[in-house]
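> Structure provided below as structure tokens; questions to follow.
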Amino acid sequence: MTLVLVVRHGQASFGADDYDVLSDLGWEQARALGAHLAAQGVRPAAVVRGTLRRQRETVEGMLAGLADAGAPGPELDAVRVDGGWDEFDHLGVVAAHPDLPQGGTASLDRREFQRVFVEATGRWALDEAGEGDYPETFADFVARSRGALADAVSLGEEAGGVVVAVTSGGPVGAVAAGLVDPDGTDRPTLVRLWERFNTVCVNSSVTRVLVGSTGTRMLTFNEHTHLDRARVSYR
């Protein structure tokens with residue numbers, strides 16, 4: 001059997017000049033995750049991440065937490081990089097929203113941005129005909145996320161142990177939706193599942209995917225007890 005731990009990155013830096021950087025809390029979350037994995041006896045045989053900085057820094061924090069707990073994981077230069085785990089271009093999706101307020105996203109506070117984000121991503125996900133001016137279609141995003149999971153499974157078989165894949169909330173949701181409804185062909189149902197998984201995915205949370213003789217199954221979704229134990233916020 002192969003076990004893949006699909007991890008959402010730690011908290012990024014909303015409102016900063018560069019969003020794609022872990023906040024101080026994000027670093028705490030990543031280190032707490034590493035310490036938690038060590039306490040559970042998890043020794044990653046391989047680690048893979050997307051190309052985004054917040055994903056890379058989450059790996060660095062997680063590996064530091066493992067090492068501090070006396071259970072070092074793979075070296076940083078052995079971590080594989082797979083762009084299939086990247087988040088969808090949420091700024092591009094929001095920019096294509098026809099009802100974007102005058103002044104664009106720069107004029108929005110966090111609550112207003114979240115409202116526009118939900119509306120824009122819903123429109124993007126339901127655009128089956130590909131008529132919107134998007135950097136990537138929802139179907140292509142889902143396909144690459146699931147392809148990244150398949151590649152991580154192959155990596156686990158090659159490495160002979162647990163694989164940790166560090167990604168973002170969107171791909172976590174796409175993977176989870178596909179595992180819950182693997183034969184689903186109804187686009188609205190897929191979108192509803194993805195939206196529900198994506199919107200509740202906690203920073204540094206773990207979704208466990210098991211591959212065995214009966215196929216690929218999601219054992220758990222959105223584990224984040226390590227944050228409670230370390231007294232670290234998940235927001």
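Residue numbers start at 1 in each chain; chains themselves are named A, B, ... in the order of the structure tokens; ligands are numbered from 1 in the order shown.
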Could you make a table, as a Markdown table, of the residues of range 30-122 of chain A that have an atom within 7 Å of an atom of range 164-179 of chain A, each with its nearest atom pair and distance in Å to one decimal, counting only C-alpha atoms, in chain and number order?

| residue | atom | partner | partner_atom | distance |
| --- | --- | --- | --- | --- |
| A:Pro44 | CA | A:Val164 | CA | 6.5 |
| A:Ala46 | CA | A:Val164 | CA | 6.5 |
| A:Val47 | CA | A:Val164 | CA | 4.8 |
| A:Val48 | CA | A:Ala165 | CA | 4.8 |
| A:Arg49 | CA | A:Val166 | CA | 4.6 |
| A:Gly50 | CA | A:Thr167 | CA | 5.8 |
| A:Gln55 | CA | A:Thr167 | CA | 6.0 |
| A:Val59 | CA | A:Val166 | CA | 6.9 |
| A:Trp85 | CA | A:Thr167 | CA | 5.2 |
| A:Asp86 | CA | A:Thr167 | CA | 6.2 |
| A:Glu87 | CA | A:Ser168 | CA | 5.5 |
| A:Phe88 | CA | A:Gly170 | CA | 6.8 |
> Quick one: residues within 12 Å of Ser204 in chain A, only C-alpha atoms counted, chain neighbours fewer than 5 positions away excluded, as number ranges by chain?
A: 5-12, 22, 25-34, 36-37, 54-55, 57-59, 61-62, 164-169, 172, 221-227, 232-235
> Those selected residues, please, written with N, CA and C atoms and delivered as a CSV table (one decimal), in the first residue's frame.

chain,number,residue,atom,x,y,z
A,5,LEU,N,0.2,11.9,1.9
A,5,LEU,CA,-0.3,12.9,2.8
A,5,LEU,C,-0.3,14.2,2.0
A,6,VAL,N,-1.5,14.7,1.7
A,6,VAL,CA,-1.7,15.9,0.9
A,6,VAL,C,-1.9,17.1,1.9
A,7,VAL,N,-0.9,18.0,1.8
A,7,VAL,CA,-0.8,19.1,2.8
A,7,VAL,C,-1.1,20.4,2.2
A,8,ARG,N,-2.0,21.2,2.8
A,8,ARG,CA,-2.1,22.6,2.4
A,8,ARG,C,-1.0,23.4,3.0
A,9,HIS,N,-0.5,24.4,2.3
A,9,HIS,CA,0.6,25.2,2.8
A,9,HIS,C,0.1,26.0,4.0
A,10,GLY,N,1.0,26.5,4.8
A,10,GLY,CA,0.7,27.3,5.9
A,10,GLY,C,0.2,28.7,5.5
A,11,GLN,N,-0.2,29.5,6.5
A,11,GLN,CA,-0.9,30.8,6.2
A,11,GLN,C,0.1,31.7,5.3
A,12,ALA,N,-0.5,32.2,4.2
A,12,ALA,CA,0.3,33.1,3.4
A,12,ALA,C,0.1,34.5,3.9
A,22,LEU,N,5.1,32.9,3.4
A,22,LEU,CA,4.4,32.5,4.6
A,22,LEU,C,4.5,33.6,5.6
A,25,LEU,N,2.8,33.3,11.4
A,25,LEU,CA,1.9,32.2,11.8
A,25,LEU,C,2.0,31.0,10.8
A,26,GLY,N,2.2,31.2,9.5
A,26,GLY,CA,2.4,30.2,8.6
A,26,GLY,C,3.6,29.3,8.9
A,27,TRP,N,4.7,29.9,9.3
A,27,TRP,CA,5.9,29.2,9.6
A,27,TRP,C,5.6,28.4,10.9
A,28,GLU,N,4.9,28.9,11.8
A,28,GLU,CA,4.6,28.1,13.1
A,28,GLU,C,3.7,26.9,12.7
A,29,GLN,N,2.8,27.1,11.8
A,29,GLN,CA,1.9,26.0,11.4
A,29,GLN,C,2.7,24.9,10.8
A,30,ALA,N,3.7,25.3,9.9
A,30,ALA,CA,4.5,24.3,9.2
A,30,ALA,C,5.4,23.5,10.1
A,31,ARG,N,6.0,24.2,11.1
A,31,ARG,CA,6.8,23.5,12.1
A,31,ARG,C,6.0,22.6,13.0
A,32,ALA,N,4.8,23.1,13.4
A,32,ALA,CA,3.9,22.2,14.2
A,32,ALA,C,3.5,21.0,13.5
A,33,LEU,N,3.3,21.1,12.2
A,33,LEU,CA,3.0,19.9,11.4
A,33,LEU,C,4.1,18.9,11.4
A,34,GLY,N,5.4,19.4,11.2
A,34,GLY,CA,6.5,18.5,11.2
A,34,GLY,C,6.7,17.8,12.5
A,36,HIS,N,4.3,17.2,14.7
A,36,HIS,CA,3.2,16.2,14.8
A,36,HIS,C,3.5,15.0,14.0
A,37,LEU,N,4.0,15.1,12.8
A,37,LEU,CA,4.3,13.9,12.0
A,37,LEU,C,5.3,13.0,12.7
A,54,ARG,N,5.2,29.9,-1.1
A,54,ARG,CA,4.5,29.5,0.1
A,54,ARG,C,4.5,28.0,0.3
A,55,GLN,N,4.5,27.2,-0.8
A,55,GLN,CA,4.6,25.8,-0.7
A,55,GLN,C,6.0,25.3,-0.3
A,57,GLU,N,8.2,27.1,1.3
A,57,GLU,CA,8.5,27.5,2.7
A,57,GLU,C,7.8,26.6,3.7
A,58,THR,N,6.6,26.1,3.3
A,58,THR,CA,5.9,25.1,4.2
A,58,THR,C,6.7,23.8,4.3
A,59,VAL,N,7.3,23.4,3.2
A,59,VAL,CA,8.2,22.2,3.2
A,59,VAL,C,9.4,22.5,4.1
A,61,GLY,N,9.6,24.6,6.7
A,61,GLY,CA,9.2,24.6,8.1
A,61,GLY,C,8.8,23.2,8.6
A,62,MET,N,8.2,22.4,7.7
A,62,MET,CA,7.8,21.0,8.1
A,62,MET,C,9.0,20.2,8.4
A,164,VAL,N,4.8,12.9,1.2
A,164,VAL,CA,4.1,14.2,1.6
A,164,VAL,C,4.1,15.1,0.4
A,165,ALA,N,2.9,15.5,0.0
A,165,ALA,CA,2.7,16.4,-1.1
A,165,ALA,C,2.2,17.8,-0.6
A,166,VAL,N,3.0,18.8,-0.7
A,166,VAL,CA,2.6,20.1,-0.2
A,166,VAL,C,2.0,21.0,-1.3
A,167,THR,N,0.8,21.4,-1.2
A,167,THR,CA,0.1,22.1,-2.2
A,167,THR,C,-0.7,23.2,-1.7
A,168,SER,N,-1.9,23.5,-2.3
A,168,SER,CA,-2.8,24.6,-1.9
A,168,SER,C,-4.2,24.1,-1.7
A,169,GLY,N,-5.1,24.9,-1.3
A,169,GLY,CA,-6.5,24.5,-1.0
A,169,GLY,C,-7.2,24.0,-2.3
A,172,VAL,N,-6.2,20.5,-3.2
A,172,VAL,CA,-6.7,19.6,-2.2
A,172,VAL,C,-8.2,19.3,-2.5
A,221,PHE,N,-9.8,13.8,5.7
A,221,PHE,CA,-9.7,15.1,5.0
A,221,PHE,C,-9.5,16.2,6.1
A,222,ASN,N,-8.5,17.1,5.8
A,222,ASN,CA,-8.4,18.3,6.6
A,222,ASN,C,-8.0,18.1,8.0
A,223,GLU,N,-7.2,17.2,8.3
A,223,GLU,CA,-6.7,17.0,9.7
A,223,GLU,C,-5.9,18.2,10.1
A,224,HIS,N,-6.2,18.7,11.3
A,224,HIS,CA,-5.4,19.9,11.8
A,224,HIS,C,-5.3,19.9,13.3
A,225,THR,N,-5.3,18.7,13.9
A,225,THR,CA,-5.2,18.6,15.4
A,225,THR,C,-3.8,19.1,15.9
A,226,HIS,N,-2.9,19.0,15.0
A,226,HIS,CA,-1.5,19.4,15.4
A,226,HIS,C,-1.5,20.9,15.7
A,227,LEU,N,-2.4,21.7,15.2
A,227,LEU,CA,-2.5,23.1,15.5
A,227,LEU,C,-3.0,23.3,16.9
A,232,VAL,N,-1.5,26.7,18.1
A,232,VAL,CA,-1.3,27.5,17.0
A,232,VAL,C,-2.6,27.7,16.3
A,233,SER,N,-2.9,28.9,15.9
A,233,SER,CA,-4.2,29.2,15.2
A,233,SER,C,-4.2,28.6,13.8
A,234,TYR,N,-5.3,28.3,13.3
A,234,TYR,CA,-5.4,27.7,12.0
A,234,TYR,C,-5.9,28.8,11.0
A,235,ARG,N,-6.1,30.0,11.4
A,235,ARG,CA,-6.7,31.0,10.5
A,235,ARG,C,-5.5,31.7,9.8
> Leaving out Gly160 in chain A and any residue of its chain fewer than 3 positions from it, which residues lie within 10 Å of it when counting only C-alpha atoms, given as a list in words?
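Everything that qualifies: Met1, Thr2, Leu3, Pro44, Ala45, Ala46, Ser154, Leu155, Gly156, Glu157 and Val163 of chain A.
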> To test your reading of the structure, identify every residue in range 25-143 of chain A that backbone DSSP assigns to helix (DSSP H, G or I), and report it as a VMD selection string.
chain A and resid 25 to 39 53 to 68 76 to 78 83 to 85 90 to 95 104 to 107 110 to 125 138 to 143
> So that I can see what lies close to range 103-115 of chain A, please list as an NGL selection string the residues with an atom at most 10 Å from it, counting only C-alpha atoms and leaving out residues fewer than 3 positions away in the same chain.
:A and (14-15 or 91 or 94-95 or 99-100 or 118-120)
> Using only C-alpha atoms, can you tell me which of A:Asp181, A:Val116, A:Arg53, A:Arg43 comes closest to Ser23 in chain A?
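Distance minimum relative to Ser23 in chain A lands on A:Arg53.
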> If you measure from CA of Val4 in chain A to CA of Leu149 in chain A, what distance in Å do you get, rounded to one decimal?
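Here the two named atoms are 8.2 Å from each other.
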> Just how far from CA of Arg146 in chain A is CA of Leu126 in chain A, in Å to one decimal?
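Between CA of Leu126 in chain A and CA of Arg146 in chain A the gap works out to 18.4 Å.
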> One decimal, Å: what's the distance from CA of Thr207 in chain A over to CA of Thr220 in chain A, could you say?
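Answer for the CA of Thr207 in chain A to CA of Thr220 in chain A separation: 5.5 Å.
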